[in-house]
file structure-v9.cif (mmCIF, C-alpha atoms and all ligand atoms)
data_data
loop_
_atom_site.label_atom_id
_atom_site.label_comp_id
_atom_site.auth_asym_id
_atom_site.auth_seq_id
_atom_site.Cartn_x
_atom_site.Cartn_y
_atom_site.Cartn_z
CA MET Y 1 117.39 96.15 102.83
CA PHE Y 2 119.79 98.88 103.89
CA GLN Y 3 121.14 99.54 100.41
CA PRO Y 4 120.14 102.98 99.09
CA PHE Y 5 117.77 103.10 96.14
CA ARG Y 6 117.23 105.68 93.44
CA LEU Y 7 113.57 105.97 92.50
CA GLY Y 8 113.51 108.30 89.51
CA GLY Y 9 115.17 111.44 90.83
CA LEU Y 10 114.62 110.50 94.46
CA GLU Y 11 117.34 108.99 96.65
CA LEU Y 12 116.00 106.66 99.34
CA ALA Y 13 118.24 105.64 102.24
CA ASN Y 14 116.95 102.06 102.27
CA ARG Y 15 114.42 99.71 100.69
CA VAL Y 16 111.65 99.95 103.29
CA ILE Y 17 108.39 101.84 102.67
CA VAL Y 18 105.61 102.59 105.10
CA SER Y 19 102.63 101.45 103.04
CA PRO Y 20 99.70 103.86 102.64
CA MET Y 21 97.22 103.37 105.48
CA ASP Y 22 93.99 105.27 105.89
CA MET Y 23 93.58 106.41 109.48
CA TYR Y 24 89.95 107.58 109.11
CA SER Y 25 90.81 110.35 111.57
CA ALA Y 26 90.49 113.57 109.59
CA ARG Y 27 88.00 116.35 110.18
CA ASP Y 28 86.53 117.75 106.95
CA GLY Y 29 89.42 116.17 105.07
CA VAL Y 30 92.04 118.04 107.12
CA PRO Y 31 94.91 115.95 108.51
CA GLY Y 32 95.47 116.88 112.13
CA ASP Y 33 97.83 116.26 115.01
CA PHE Y 34 97.04 112.56 114.83
CA HIS Y 35 98.41 112.39 111.27
CA LEU Y 36 101.46 114.44 112.24
CA VAL Y 37 102.29 112.03 115.05
CA HIS Y 38 101.43 108.94 112.99
CA LEU Y 39 103.47 109.86 109.91
CA GLY Y 40 106.11 111.71 111.93
CA SER Y 41 106.79 108.67 114.11
CA LYS Y 42 107.00 106.39 111.09
CA ALA Y 43 109.54 108.78 109.55
CA LEU Y 44 111.58 108.80 112.77
CA GLY Y 45 111.37 104.99 112.71
CA GLY Y 46 113.84 104.63 109.87
CA ALA Y 47 111.85 103.69 106.75
CA GLY Y 48 113.31 105.20 103.59
CA LEU Y 49 109.90 106.34 102.33
CA VAL Y 50 106.73 107.07 104.25
CA MET Y 51 103.49 107.12 102.30
CA THR Y 52 100.37 109.01 103.30
CA GLU Y 53 97.03 107.28 103.26
CA MET Y 54 94.88 107.70 100.16
CA VAL Y 55 94.36 111.46 100.04
CA CYS Y 56 91.12 112.27 98.26
CA VAL Y 57 90.79 114.78 95.47
CA SER Y 58 87.29 116.02 96.35
CA PRO Y 59 84.77 115.78 99.21
CA SER Y 60 82.68 113.21 97.32
CA GLY Y 61 85.87 111.37 96.35
CA ARG Y 62 86.40 110.43 100.01
CA ILE Y 63 85.78 106.88 101.16
CA THR Y 64 84.49 107.95 104.57
CA PRO Y 65 83.91 111.23 106.43
CA GLY Y 66 87.24 110.54 108.22
CA CYS Y 67 89.39 110.47 105.07
CA THR Y 68 91.91 113.19 104.30
CA GLY Y 69 91.76 115.40 101.25
CA MET Y 70 93.81 117.79 99.19
CA TYR Y 71 91.13 120.06 97.80
CA ASN Y 72 91.34 123.19 99.96
CA ALA Y 73 93.93 125.54 101.43
CA GLU Y 74 93.54 124.33 105.02
CA GLN Y 75 94.31 120.76 103.98
CA GLU Y 76 97.32 121.90 101.96
CA GLU Y 77 98.66 123.84 104.94
CA SER Y 78 98.23 120.87 107.27
CA TRP Y 79 100.01 118.56 104.85
CA ARG Y 80 102.82 121.11 104.53
CA ARG Y 81 103.30 120.98 108.30
CA ILE Y 82 103.61 117.17 108.20
CA VAL Y 83 106.00 117.22 105.24
CA SER Y 84 108.15 119.87 106.96
CA PHE Y 85 108.38 117.77 110.10
CA VAL Y 86 109.47 114.69 108.14
CA HIS Y 87 112.06 116.65 106.16
CA GLY Y 88 113.28 118.60 109.16
CA GLN Y 89 113.55 115.79 111.69
CA SER Y 90 114.29 112.61 109.75
CA GLY Y 91 116.12 111.24 106.74
CA ALA Y 92 112.89 109.79 105.33
CA LYS Y 93 111.19 110.92 102.17
CA ILE Y 94 107.42 111.35 102.12
CA GLY Y 95 105.02 110.48 99.31
CA ILE Y 96 101.36 111.33 98.85
CA GLN Y 97 98.88 108.78 97.52
CA LEU Y 98 96.12 110.51 95.55
CA GLY Y 99 92.83 108.82 94.88
CA HIS Y 100 89.09 109.01 94.39
CA SER Y 101 86.80 106.53 96.10
CA GLY Y 102 84.44 105.99 93.14
CA ARG Y 103 81.71 103.47 93.89
CA LYS Y 104 83.32 102.59 97.26
CA GLY Y 105 82.71 106.08 98.67
CA SER Y 106 80.23 107.34 101.25
CA THR Y 107 80.90 104.51 103.69
CA ARG Y 108 81.54 104.18 107.42
CA LEU Y 109 84.86 104.47 109.25
CA MET Y 110 86.74 101.16 109.12
CA TRP Y 111 85.91 100.21 112.71
CA GLU Y 112 82.23 101.10 112.29
CA GLY Y 113 81.62 98.84 109.29
CA MET Y 114 84.04 98.81 106.37
CA ASP Y 115 82.36 99.36 102.98
CA ASP Y 116 78.92 99.77 104.62
CA PRO Y 117 76.91 102.87 103.63
CA LEU Y 118 76.73 105.67 106.21
CA PRO Y 119 73.72 105.51 108.54
CA GLU Y 120 72.90 109.09 107.43
CA GLY Y 121 74.41 111.87 105.36
CA ASN Y 122 75.37 109.70 102.40
CA TRP Y 123 76.57 111.43 99.28
CA GLU Y 124 76.06 110.20 95.73
CA VAL Y 125 78.74 107.83 94.51
CA CYS Y 126 79.95 107.41 90.95
CA GLY Y 127 81.82 104.96 88.77
CA PRO Y 128 82.32 103.72 85.25
CA SER Y 129 79.07 101.70 85.39
CA PRO Y 130 75.98 101.56 87.62
CA LEU Y 131 77.05 98.50 89.62
CA PRO Y 132 77.12 98.60 93.44
CA TYR Y 133 80.19 97.27 95.27
CA LYS Y 134 78.08 94.95 97.35
CA ALA Y 135 74.47 94.03 98.01
CA GLY Y 136 72.80 96.87 99.88
CA GLY Y 137 75.47 99.31 98.73
CA GLN Y 138 74.72 102.47 96.76
CA VAL Y 139 74.30 102.14 93.01
CA PRO Y 140 76.93 104.47 91.51
CA ARG Y 141 75.99 106.97 88.86
CA SER Y 142 77.78 106.29 85.59
CA LEU Y 143 80.12 109.19 84.82
CA ASP Y 144 79.79 111.06 81.53
CA GLU Y 145 82.77 112.52 79.69
CA ALA Y 146 82.35 116.02 81.13
CA GLU Y 147 82.40 114.58 84.66
CA LEU Y 148 85.47 112.52 83.83
CA CYS Y 149 87.23 115.73 82.81
CA THR Y 150 86.14 117.43 86.05
CA ILE Y 151 87.55 114.59 88.17
CA ARG Y 152 90.76 114.52 86.12
CA ASP Y 153 91.14 118.25 86.82
CA GLN Y 154 90.59 117.60 90.54
CA PHE Y 155 93.51 115.15 90.47
CA VAL Y 156 95.60 117.83 88.78
CA ALA Y 157 94.66 120.49 91.34
CA ALA Y 158 95.48 118.10 94.19
CA ALA Y 159 98.83 117.28 92.58
CA GLU Y 160 99.64 120.99 92.26
CA ALA Y 161 98.84 121.45 95.94
CA ALA Y 162 101.04 118.44 96.76
CA VAL Y 163 103.93 120.09 94.89
CA ARG Y 164 103.48 123.23 96.96
CA ALA Y 165 103.26 121.22 100.17
CA GLY Y 166 106.67 119.73 99.35
CA PHE Y 167 105.90 116.02 98.86
CA ASP Y 168 108.79 114.03 97.35
CA LEU Y 169 106.73 111.46 95.46
CA LEU Y 170 103.18 111.07 94.18
CA GLU Y 171 101.42 107.73 93.91
CA LEU Y 172 98.26 107.40 91.84
CA HIS Y 173 95.88 104.97 93.53
CA CYS Y 174 94.67 102.66 90.75
CA ALA Y 175 94.01 99.69 93.05
CA HIS Y 176 91.43 98.27 95.45
CA GLY Y 177 88.32 99.07 93.44
CA TYR Y 178 88.39 102.84 93.89
CA LEU Y 179 87.54 105.03 90.91
CA LEU Y 180 90.61 104.52 88.69
CA SER Y 181 90.84 100.84 89.58
CA SER Y 182 87.19 100.33 88.72
CA PHE Y 183 87.89 101.58 85.21
CA LEU Y 184 90.61 98.94 84.80
CA SER Y 185 88.59 95.90 85.79
CA PRO Y 186 86.14 94.34 83.30
CA LEU Y 187 84.02 93.30 86.29
CA THR Y 188 83.33 96.91 87.28
CA ASN Y 189 83.67 98.65 83.91
CA ARG Y 190 80.89 97.64 81.54
CA ARG Y 191 81.02 100.78 79.43
CA THR Y 192 80.42 100.61 75.72
CA ASP Y 193 82.04 103.98 74.93
CA ARG Y 194 85.79 104.55 74.38
CA TYR Y 195 86.46 104.05 78.12
CA GLY Y 196 85.24 100.45 78.27
CA GLY Y 197 85.70 97.11 76.54
CA SER Y 198 89.27 96.15 75.57
CA LEU Y 199 92.10 96.57 78.06
CA ALA Y 200 93.36 99.54 76.03
CA ALA Y 201 89.95 101.19 76.42
CA ARG Y 202 89.73 100.39 80.16
CA LEU Y 203 93.19 101.90 80.60
CA ARG Y 204 92.23 105.09 78.77
CA TYR Y 205 90.83 107.08 81.70
CA PRO Y 206 93.46 106.08 84.31
CA LEU Y 207 96.16 106.96 81.76
CA GLU Y 208 94.52 110.31 80.98
CA VAL Y 209 94.58 111.12 84.69
CA PHE Y 210 98.17 109.87 84.99
CA ASP Y 211 99.31 112.02 82.04
CA ALA Y 212 97.53 115.12 83.33
CA VAL Y 213 99.08 114.72 86.78
CA ARG Y 214 102.52 113.85 85.36
CA ALA Y 215 102.39 117.11 83.39
CA VAL Y 216 102.15 119.24 86.54
CA TRP Y 217 104.22 117.04 88.88
CA PRO Y 218 107.90 118.14 88.67
CA GLN Y 219 109.98 115.96 86.38
CA ASP Y 220 112.61 115.33 89.06
CA ARG Y 221 110.02 113.93 91.47
CA PRO Y 222 108.86 110.37 90.80
CA MET Y 223 105.34 109.12 90.29
CA THR Y 224 104.32 105.60 91.19
CA VAL Y 225 101.08 103.74 90.51
CA ARG Y 226 99.42 101.28 92.86
CA VAL Y 227 97.61 98.50 91.02
CA SER Y 228 95.55 95.47 91.97
CA ALA Y 229 97.41 92.80 90.03
CA THR Y 230 94.49 90.40 90.29
CA ASP Y 231 90.82 90.78 91.14
CA TRP Y 232 90.89 87.28 92.67
CA CYS Y 233 87.72 86.66 90.70
CA GLU Y 234 86.81 84.77 87.53
CA GLY Y 235 86.52 87.13 84.57
CA GLY Y 236 88.46 89.93 86.29
CA VAL Y 237 91.97 91.30 85.95
CA GLY Y 238 94.59 88.56 86.25
CA VAL Y 239 98.35 88.66 86.23
CA GLU Y 240 98.58 88.67 82.40
CA GLU Y 241 96.54 91.87 82.19
CA ALA Y 242 98.36 93.28 85.22
CA VAL Y 243 101.65 92.99 83.34
CA GLU Y 244 100.12 94.96 80.47
CA ILE Y 245 98.70 97.57 82.87
CA ALA Y 246 102.17 97.99 84.38
CA ARG Y 247 103.68 98.25 80.91
CA ALA Y 248 101.21 101.00 79.96
CA PHE Y 249 102.03 103.09 83.04
CA ALA Y 250 105.76 102.48 82.53
CA GLU Y 251 105.48 103.74 78.96
CA HIS Y 252 103.67 106.83 80.24
CA GLY Y 253 106.49 107.64 82.65
CA ALA Y 254 105.77 105.90 85.95
CA ALA Y 255 108.95 105.47 88.00
CA GLY Y 256 107.48 102.65 90.06
CA ILE Y 257 104.64 100.14 90.22
CA ASP Y 258 103.30 99.29 93.66
CA VAL Y 259 101.83 95.81 93.37
CA SER Y 260 98.81 95.11 95.54
CA THR Y 261 95.83 92.88 94.73
CA GLY Y 262 92.07 92.62 95.08
CA GLN Y 263 89.40 94.60 96.94
CA VAL Y 264 87.87 95.35 93.54
CA VAL Y 265 84.75 93.19 93.86
CA SER Y 266 83.15 91.97 97.07
CA GLU Y 267 82.81 88.41 95.73
CA GLU Y 268 86.61 88.03 95.44
CA GLN Y 269 88.29 84.88 96.71
CA PRO Y 270 91.81 85.86 97.68
CA ALA Y 271 94.50 83.39 98.65
CA PHE Y 272 96.14 84.90 101.73
CA GLY Y 273 99.49 83.86 103.16
CA ARG Y 274 102.91 85.15 104.02
CA SER Y 275 104.14 87.57 101.31
CA TYR Y 276 101.13 86.48 99.29
CA GLN Y 277 101.23 89.29 96.75
CA THR Y 278 104.93 88.94 96.00
CA PRO Y 279 104.50 86.51 93.06
CA PHE Y 280 102.66 89.33 91.25
CA ALA Y 281 105.40 91.85 92.02
CA ASP Y 282 107.99 89.29 90.89
CA ARG Y 283 106.26 88.74 87.57
CA ILE Y 284 105.86 92.48 86.91
CA ARG Y 285 109.44 93.25 87.94
CA ASN Y 286 110.91 90.59 85.72
CA GLU Y 287 108.71 91.31 82.68
CA ILE Y 288 108.35 95.08 82.91
CA GLY Y 289 110.44 96.59 85.68
CA ARG Y 290 113.83 95.58 84.41
CA LYS Y 291 113.02 96.35 80.78
CA TYR Y 292 111.70 99.86 81.45
CA GLY Y 293 113.91 100.72 84.43
CA VAL Y 294 110.80 100.93 86.60
CA ALA Y 295 110.98 100.06 90.28
CA VAL Y 296 108.62 97.42 91.60
CA ILE Y 297 107.27 97.59 95.13
CA ALA Y 298 106.11 94.39 96.81
CA VAL Y 299 103.56 94.59 99.61
CA GLY Y 300 101.29 92.31 101.60
CA ALA Y 301 102.07 90.28 104.72
CA ILE Y 302 105.80 90.95 104.45
CA SER Y 303 106.75 91.24 108.08
CA SER Y 304 110.20 90.00 109.02
CA TYR Y 305 113.49 91.49 107.92
CA ASP Y 306 114.46 88.05 106.65
CA ASP Y 307 111.46 88.19 104.31
CA VAL Y 308 112.50 91.64 103.07
CA ASN Y 309 116.13 90.67 102.54
CA SER Y 310 115.31 87.40 100.78
CA LEU Y 311 112.74 88.98 98.54
CA LEU Y 312 115.11 91.77 97.47
CA LEU Y 313 118.12 89.50 97.04
CA ALA Y 314 116.11 87.09 94.92
CA GLY Y 315 115.27 89.97 92.57
CA ARG Y 316 111.54 89.70 93.17
CA ALA Y 317 111.09 93.40 93.97
CA ASP Y 318 113.15 96.58 94.32
CA LEU Y 319 111.42 97.90 97.42
CA CYS Y 320 109.18 96.44 100.11
CA ALA Y 321 106.19 98.24 101.61
CA LEU Y 322 105.03 97.17 105.06
CA GLY Y 323 101.70 98.28 106.42
CA ARG Y 324 100.36 96.67 109.59
CA THR Y 325 103.85 95.82 110.77
CA HIS Y 326 104.48 99.56 111.08
CA LEU Y 327 101.34 99.98 113.17
CA TYR Y 328 102.77 97.34 115.51
CA ASP Y 329 106.20 98.90 115.54
CA PRO Y 330 106.69 102.41 114.09
CA GLN Y 331 110.48 101.97 114.51
CA TRP Y 332 110.52 98.68 112.63
CA THR Y 333 113.41 99.62 110.34
CA LEU Y 334 115.62 100.85 113.19
CA HIS Y 335 114.83 97.72 115.18
CA ALA Y 336 115.61 95.53 112.16
CA ALA Y 337 118.99 97.27 111.95
CA ALA Y 338 119.70 96.73 115.64
CA GLU Y 339 118.78 93.07 115.45
CA GLN Y 340 120.97 92.51 112.39
CA GLY Y 341 123.87 94.42 113.93
CA TYR Y 342 123.71 96.98 111.12
CA ALA Y 343 125.01 100.48 111.86
CA GLY Y 344 125.49 102.13 108.44
CA GLN Y 345 123.87 105.00 106.58
CA GLY Y 346 120.80 102.95 105.65
CA ALA Y 347 119.33 103.19 109.14
CA THR Y 348 120.10 106.31 111.11
CA TRP Y 349 118.77 106.76 114.61
CA PRO Y 350 117.56 110.31 115.30
CA MET Y 351 120.11 111.82 117.72
CA PRO Y 352 117.58 112.28 120.54
CA PHE Y 353 116.83 108.54 120.32
CA ALA Y 354 120.44 107.37 120.00
CA ALA Y 355 120.60 106.20 123.61
CA GLY Y 356 118.05 103.54 122.70
CA ASN Y 357 119.80 102.16 119.66
CA ARG Y 358 120.38 98.69 121.06
CA ARG Y 359 117.80 96.04 121.71
CA PRO Y 360 116.89 96.09 125.41
CA GLN Y 361 117.62 93.01 127.48
CA GLY Y 362 114.82 90.49 127.36
CA GLY Y 363 113.10 89.63 130.63
CA ARG Y 364 114.80 86.82 132.60
CA THR Y 365 117.10 85.78 129.78
CA ASP Y 366 119.83 88.36 129.12
CA GLY Y 367 122.13 90.00 131.61
CA PRO Y 368 122.38 91.95 133.77
CA ARG Y 369 120.09 89.82 135.86
CA PRO Y 370 117.38 91.70 137.76
CA ARG Y 371 118.97 91.39 141.20
CA LEU Y 372 119.27 94.63 143.11
CA GLU Y 373 122.12 93.46 145.33
CA LEU Y 374 124.44 93.48 142.33
CA ILE Y 375 124.08 97.23 142.12
CA ARG Y 376 124.24 97.73 145.89
CA ALA Y 377 127.39 95.69 146.03
CA GLY Y 378 128.89 97.83 143.32
CA VAL Y 379 129.83 94.92 141.10
CA PRO Y 380 131.85 96.38 138.17
CA GLY Y 381 129.71 97.31 135.23
CA THR Y 382 126.44 97.56 137.12
CA ALA Y 383 126.78 101.10 138.47
CA HIS Y 384 124.43 103.63 136.91
CA ALA Y 385 126.21 105.85 134.43
CA ARG Y 386 124.60 108.40 132.24
CA TRP Y 387 125.08 107.65 128.53
CA ARG Y 388 127.01 110.27 126.58
CA PRO Y 389 127.47 110.38 122.79
CA GLY Y 390 130.88 109.00 121.88
CA ALA Y 391 131.53 107.52 125.33
CA ALA Y 392 133.45 104.25 125.20
CA ASP Y 393 131.40 101.07 125.35
CA GLY Y 394 133.10 99.50 128.33
CA PRO Y 395 132.26 96.01 129.49
CA GLY Y 396 128.84 95.98 131.04
CA ALA Y 397 128.32 99.65 130.20
CA GLY Y 398 124.89 98.82 128.81
CA GLY Y 399 123.70 97.72 132.23
CA GLY Y 400 123.80 101.20 133.71
CA ARG Y 401 122.45 103.20 130.81
C1 LIG P 1 94.41 100.44 108.44
C2 LIG P 1 94.77 100.25 107.00
C3 LIG P 1 94.49 101.26 106.09
C4 LIG P 1 94.86 101.12 104.74
N1 LIG P 1 94.66 102.17 103.87
C5 LIG P 1 95.17 102.11 102.62
C6 LIG P 1 95.17 103.25 101.78
O1 LIG P 1 94.75 104.35 102.15
N2 LIG P 1 95.67 103.10 100.52
C7 LIG P 1 96.18 101.90 100.07
O2 LIG P 1 96.62 101.82 98.93
N3 LIG P 1 96.22 100.83 100.87
C8 LIG P 1 95.77 100.90 102.13
N4 LIG P 1 95.89 99.83 102.97
C9 LIG P 1 96.58 98.61 102.48
C10 LIG P 1 98.07 98.66 102.88
O3 LIG P 1 98.75 99.71 102.23
C11 LIG P 1 98.77 97.34 102.54
O4 LIG P 1 98.78 97.17 101.15
C12 LIG P 1 98.09 96.13 103.18
O5 LIG P 1 97.82 96.38 104.56
C13 LIG P 1 98.97 94.88 103.07
O6 LIG P 1 100.24 95.10 103.66
P1 LIG P 1 100.58 94.58 105.16
O7 LIG P 1 100.31 93.11 105.17
O8 LIG P 1 102.05 94.88 105.32
O9 LIG P 1 99.73 95.32 106.12
C14 LIG P 1 95.50 99.93 104.30
C15 LIG P 1 95.75 98.92 105.22
C16 LIG P 1 95.42 99.07 106.56
C17 LIG P 1 95.77 97.97 107.53
#

call {"tool": "encode", "arguments": {"input": "structure-v9.cif", "output": "structure tokens"}}
result
Amino acid sequence: MFQPFRLGGLELANRVIVSPMDMYSARDGVPGDFHLVHLGSKALGGAGLVMTEMVCVSPSGRITPGCTGMYNAEQEESWRRIVSFVHGQSGAKIGIQLGHSGRKGSTRLMWEGMDDPLPEGNWEVCGPSPLPYKAGGQVPRSLDEAELCTIRDQFVAAAEAAVRAGFDLLELHCAHGYLLSSFLSPLTNRRTDRYGGSLAARLRYPLEVFDAVRAVWPQDRPMTVRVSATDWCEGGVGVEEAVEIARAFAEHGAAGIDVSTGQVVSEEQPAFGRSYQTPFADRIRNEIGRKYGVAVIAVGAISSYDDVNSLLLAGRADLCALGRTHLYDPQWTLHAAAEQGYAGQGATWPMPFAAGNRRPQGGRTDGPRPRLELIRAGVPGTAHARWRPGAADGPGAGGGR
């Protein structure tokens, strides 16, 4: 996990990614201090790449009123501040995930009722076909070709702003039932025009958006695509189609495929378990990734460093994204290094944190034992000594630090 990785033109210090996680904490789409601290602390925590949450390309493309956007100058400026912090204070790279909520928009903050319509102030939602995400949800308006062009141009404008803000990588969110994902799935796309029907037709709009964004995103900065590799539902996208979807994006110049699953239809029946999405990443890596030189990112209930190491060594993925684990422990990568006794370039402690670079003694098990008389008696190695960079690690020196 501490081997460097080259993702297109981008050099990552290790194989760990902070998975995109919506914080539902923006005001008018503007990321604030909360996002600076959230993403900043994850960057200080040692992951090679930190991803933003899904950043929305328009006000009506937001999932909730708390989602961030990249459609005005104030948002761009706030993102620039976050990117500058990450670049200035850590060795991490930072990627932006761009998306449009589609038929899953205009809903409540996660902790107020995920995917439930707002109690008031709803905006109109849109999609490939007039099918609501769930019973009681808004019926989306079916987009016509002019509107598809408008939304494509919003993705392009957001990508241009992301270039100016200094992001290292751009991920197109084509998963989880949001707008681009809902074009891919036959369960949500029932169109009879050139954007619906065969897989090639369902891919047409997401690929048009990808191509338009790729054209303005600098060639030396990679683009990845997040896909739902199965809808976990009869008649939906399955792994065979997912391989073809990955192939299409690879042929259009994606540097990486980020392999998630589901959340496309509310009647899905997912099979959860440890590393449960990895078989899909494995299949895509070994059928598409190696052939096209495209990196494959595994994600989903990967939580221990043993899982990450085994999965990488077995050739099932090139990179691992961890989401909730990073909410539990923003310094997960640094802690994984400490616990494995790793001290190389793949996990660098920020200098102000270097004094903490070893796992603290566990209560009642490790020495020195919590008995004050040891210190009073001046037993060697228990006296308090201030830690200094480069100072020799004498026996028991840890006890007084
Ligand atoms: C609070 C929260 C917000 C999330 N928001 C996003 C998001 O904005 N975009 C996205 O692609 N996935 C999102 N996800 C999914 C995660 O990126 C990840 O795929 C999922 O949590 C599984 O990984 P994990 O088991 O390591 O958490 C979110 C997950 C959580 C827990």

call {"tool": "residues_near_ligand", "arguments": {"input": "structure-v9.cif", "ligand": "ligand LIG 1 (chain P)", "cutoff": "7 Å", "atoms": "only C-alpha atoms and all ligand atoms", "output": "MDAnalysis selection string"}}
result
chainID Y and resid 19:23 53:54 173 175 226 260 299:303 321:325

call {"tool": "atom_distance", "arguments": {"input": "structure-v9.cif", "atom1": "CA of Phe155 (chain Y)", "atom2": "CA of Ser142 (chain Y)"}}
result
18.7 Å

call {"tool": "closest_residue", "arguments": {"input": "structure-v9.cif", "among": "Y:Met1, Y:Ala281, Y:Val86, Y:Ser266", "to": "Asp116 (chain Y)", "atoms": "only C-alpha atoms"}}
result
Y:Ser266

call {"tool": "atom_distance", "arguments": {"input": "structure-v9.cif", "atom1": "CA of Thr52 (chain Y)", "atom2": "CA of Gly95 (chain Y)"}}
result
6.3 Å

call {"tool": "atom_distance", "arguments": {"input": "structure-v9.cif", "atom1": "CA of Ala298 (chain Y)", "atom2": "CA of Ala317 (chain Y)"}}
result
5.8 Å

call {"tool": "closest_residue", "arguments": {"input": "structure-v9.cif", "among": "Y:Ala354, Y:Ser58, Y:Ile297, Y:Pro360", "to": "Glu339 (chain Y)", "atoms": "only C-alpha atoms"}}
result
Y:Pro360

call {"tool": "closest_residue", "arguments": {"input": "structure-v9.cif", "among": "Y:Met351, Y:Leu327, Y:Ala248, Y:Ile257", "to": "Ser41 (chain Y)", "atoms": "only C-alpha atoms"}}
result
Y:Leu327

call {"tool": "residues_around", "arguments": {"input": "structure-v9.cif", "residues": "region 156-167 of chain Y", "least_positions_apart": "6", "cutoff": "10 Å", "atoms": "all atoms listed in the file", "output": "ChimeraX atom specification"}}
result
/Y:51-52,55-58,69-73,75-84,87,93-99,150,209-218,221

call {"tool": "write_last_selection", "arguments": {"input": "structure-v9.cif", "atoms": "C-alpha atoms", "output": "mmCIF file, in the coordinates of the input"}}
result
data_model
loop_
_atom_site.group_PDB
_atom_site.id
_atom_site.type_symbol
_atom_site.label_atom_id
_atom_site.label_comp_id
_atom_site.auth_asym_id
_atom_site.auth_seq_id
_atom_site.Cartn_x
_atom_site.Cartn_y
_atom_site.Cartn_z
ATOM 1 C CA MET Y 51 103.490 107.120 102.300
ATOM 2 C CA THR Y 52 100.370 109.010 103.300
ATOM 3 C CA VAL Y 55 94.360 111.460 100.040
ATOM 4 C CA CYS Y 56 91.120 112.270 98.260
ATOM 5 C CA VAL Y 57 90.790 114.780 95.470
ATOM 6 C CA SER Y 58 87.290 116.020 96.350
ATOM 7 C CA GLY Y 69 91.760 115.400 101.250
ATOM 8 C CA MET Y 70 93.810 117.790 99.190
ATOM 9 C CA TYR Y 71 91.130 120.060 97.800
ATOM 10 C CA ASN Y 72 91.340 123.190 99.960
ATOM 11 C CA ALA Y 73 93.930 125.540 101.430
ATOM 12 C CA GLN Y 75 94.310 120.760 103.980
ATOM 13 C CA GLU Y 76 97.320 121.900 101.960
ATOM 14 C CA GLU Y 77 98.660 123.840 104.940
ATOM 15 C CA SER Y 78 98.230 120.870 107.270
ATOM 16 C CA TRP Y 79 100.010 118.560 104.850
ATOM 17 C CA ARG Y 80 102.820 121.110 104.530
ATOM 18 C CA ARG Y 81 103.300 120.980 108.300
ATOM 19 C CA ILE Y 82 103.610 117.170 108.200
ATOM 20 C CA VAL Y 83 106.000 117.220 105.240
ATOM 21 C CA SER Y 84 108.150 119.870 106.960
ATOM 22 C CA HIS Y 87 112.060 116.650 106.160
ATOM 23 C CA LYS Y 93 111.190 110.920 102.170
ATOM 24 C CA ILE Y 94 107.420 111.350 102.120
ATOM 25 C CA GLY Y 95 105.020 110.480 99.310
ATOM 26 C CA ILE Y 96 101.360 111.330 98.850
ATOM 27 C CA GLN Y 97 98.880 108.780 97.520
ATOM 28 C CA LEU Y 98 96.120 110.510 95.550
ATOM 29 C CA GLY Y 99 92.830 108.820 94.880
ATOM 30 C CA THR Y 150 86.140 117.430 86.050
ATOM 31 C CA VAL Y 209 94.580 111.120 84.690
ATOM 32 C CA PHE Y 210 98.170 109.870 84.990
ATOM 33 C CA ASP Y 211 99.310 112.020 82.040
ATOM 34 C CA ALA Y 212 97.530 115.120 83.330
ATOM 35 C CA VAL Y 213 99.080 114.720 86.780
ATOM 36 C CA ARG Y 214 102.520 113.850 85.360
ATOM 37 C CA ALA Y 215 102.390 117.110 83.390
ATOM 38 C CA VAL Y 216 102.150 119.240 86.540
ATOM 39 C CA TRP Y 217 104.220 117.040 88.880
ATOM 40 C CA PRO Y 218 107.900 118.140 88.670
ATOM 41 C CA ARG Y 221 110.020 113.930 91.470
#

call {"tool": "residues_near_point", "arguments": {"input": "structure-v9.cif", "point": "(87.2, 111.5, 111.8)", "cutoff": "8 Å", "atoms": "all atoms listed in the file", "output": "PDB file with C-alpha atoms, in the coordinates of the input"}}
result
ATOM      1  CA  TYR Y  24      89.950 107.580 109.110  1.00  0.00           C
ATOM      2  CA  SER Y  25      90.810 110.350 111.570  1.00  0.00           C
ATOM      3  CA  ALA Y  26      90.490 113.570 109.590  1.00  0.00           C
ATOM      4  CA  ARG Y  27      88.000 116.350 110.180  1.00  0.00           C
ATOM      5  CA  ASP Y  28      86.530 117.750 106.950  1.00  0.00           C
ATOM      6  CA  PRO Y  65      83.910 111.230 106.430  1.00  0.00           C
ATOM      7  CA  GLY Y  66      87.240 110.540 108.220  1.00  0.00           C
ATOM      8  CA  CYS Y  67      89.390 110.470 105.070  1.00  0.00           C
ATOM      9  CA  LEU Y 109      84.860 104.470 109.250  1.00  0.00           C
TER      10      LEU Y 109
END

call {"tool": "residues_around", "arguments": {"input": "structure-v9.cif", "residues": "region 4-18 of chain Y", "least_positions_apart": "5", "cutoff": "7 Å", "atoms": "only C-alpha atoms", "output": "list in words"}}
result
Ala47, Gly48, Leu49, Val50, Met51, Asp220, Arg221, Pro222, Ala255, Ala295, Leu319, Cys320, Ala321, Leu322, Gly323, His326 and Gly346 of chain Y

call {"tool": "write_last_selection", "arguments": {"input": "structure-v9.cif", "atoms": "C-alpha atoms", "output": "short mmCIF file (atom, residue, chain, number, x, y, z; two decimals), in the coordinates of the input"}}
result
data_model
loop_
_atom_site.label_atom_id
_atom_site.label_comp_id
_atom_site.auth_asym_id
_atom_site.auth_seq_id
_atom_site.Cartn_x
_atom_site.Cartn_y
_atom_site.Cartn_z
CA ALA Y 47 111.85 103.69 106.75
CA GLY Y 48 113.31 105.20 103.59
CA LEU Y 49 109.90 106.34 102.33
CA VAL Y 50 106.73 107.07 104.25
CA MET Y 51 103.49 107.12 102.30
CA ASP Y 220 112.61 115.33 89.06
CA ARG Y 221 110.02 113.93 91.47
CA PRO Y 222 108.86 110.37 90.80
CA ALA Y 255 108.95 105.47 88.00
CA ALA Y 295 110.98 100.06 90.28
CA LEU Y 319 111.42 97.90 97.42
CA CYS Y 320 109.18 96.44 100.11
CA ALA Y 321 106.19 98.24 101.61
CA LEU Y 322 105.03 97.17 105.06
CA GLY Y 323 101.70 98.28 106.42
CA HIS Y 326 104.48 99.56 111.08
CA GLY Y 346 120.80 102.95 105.65
#
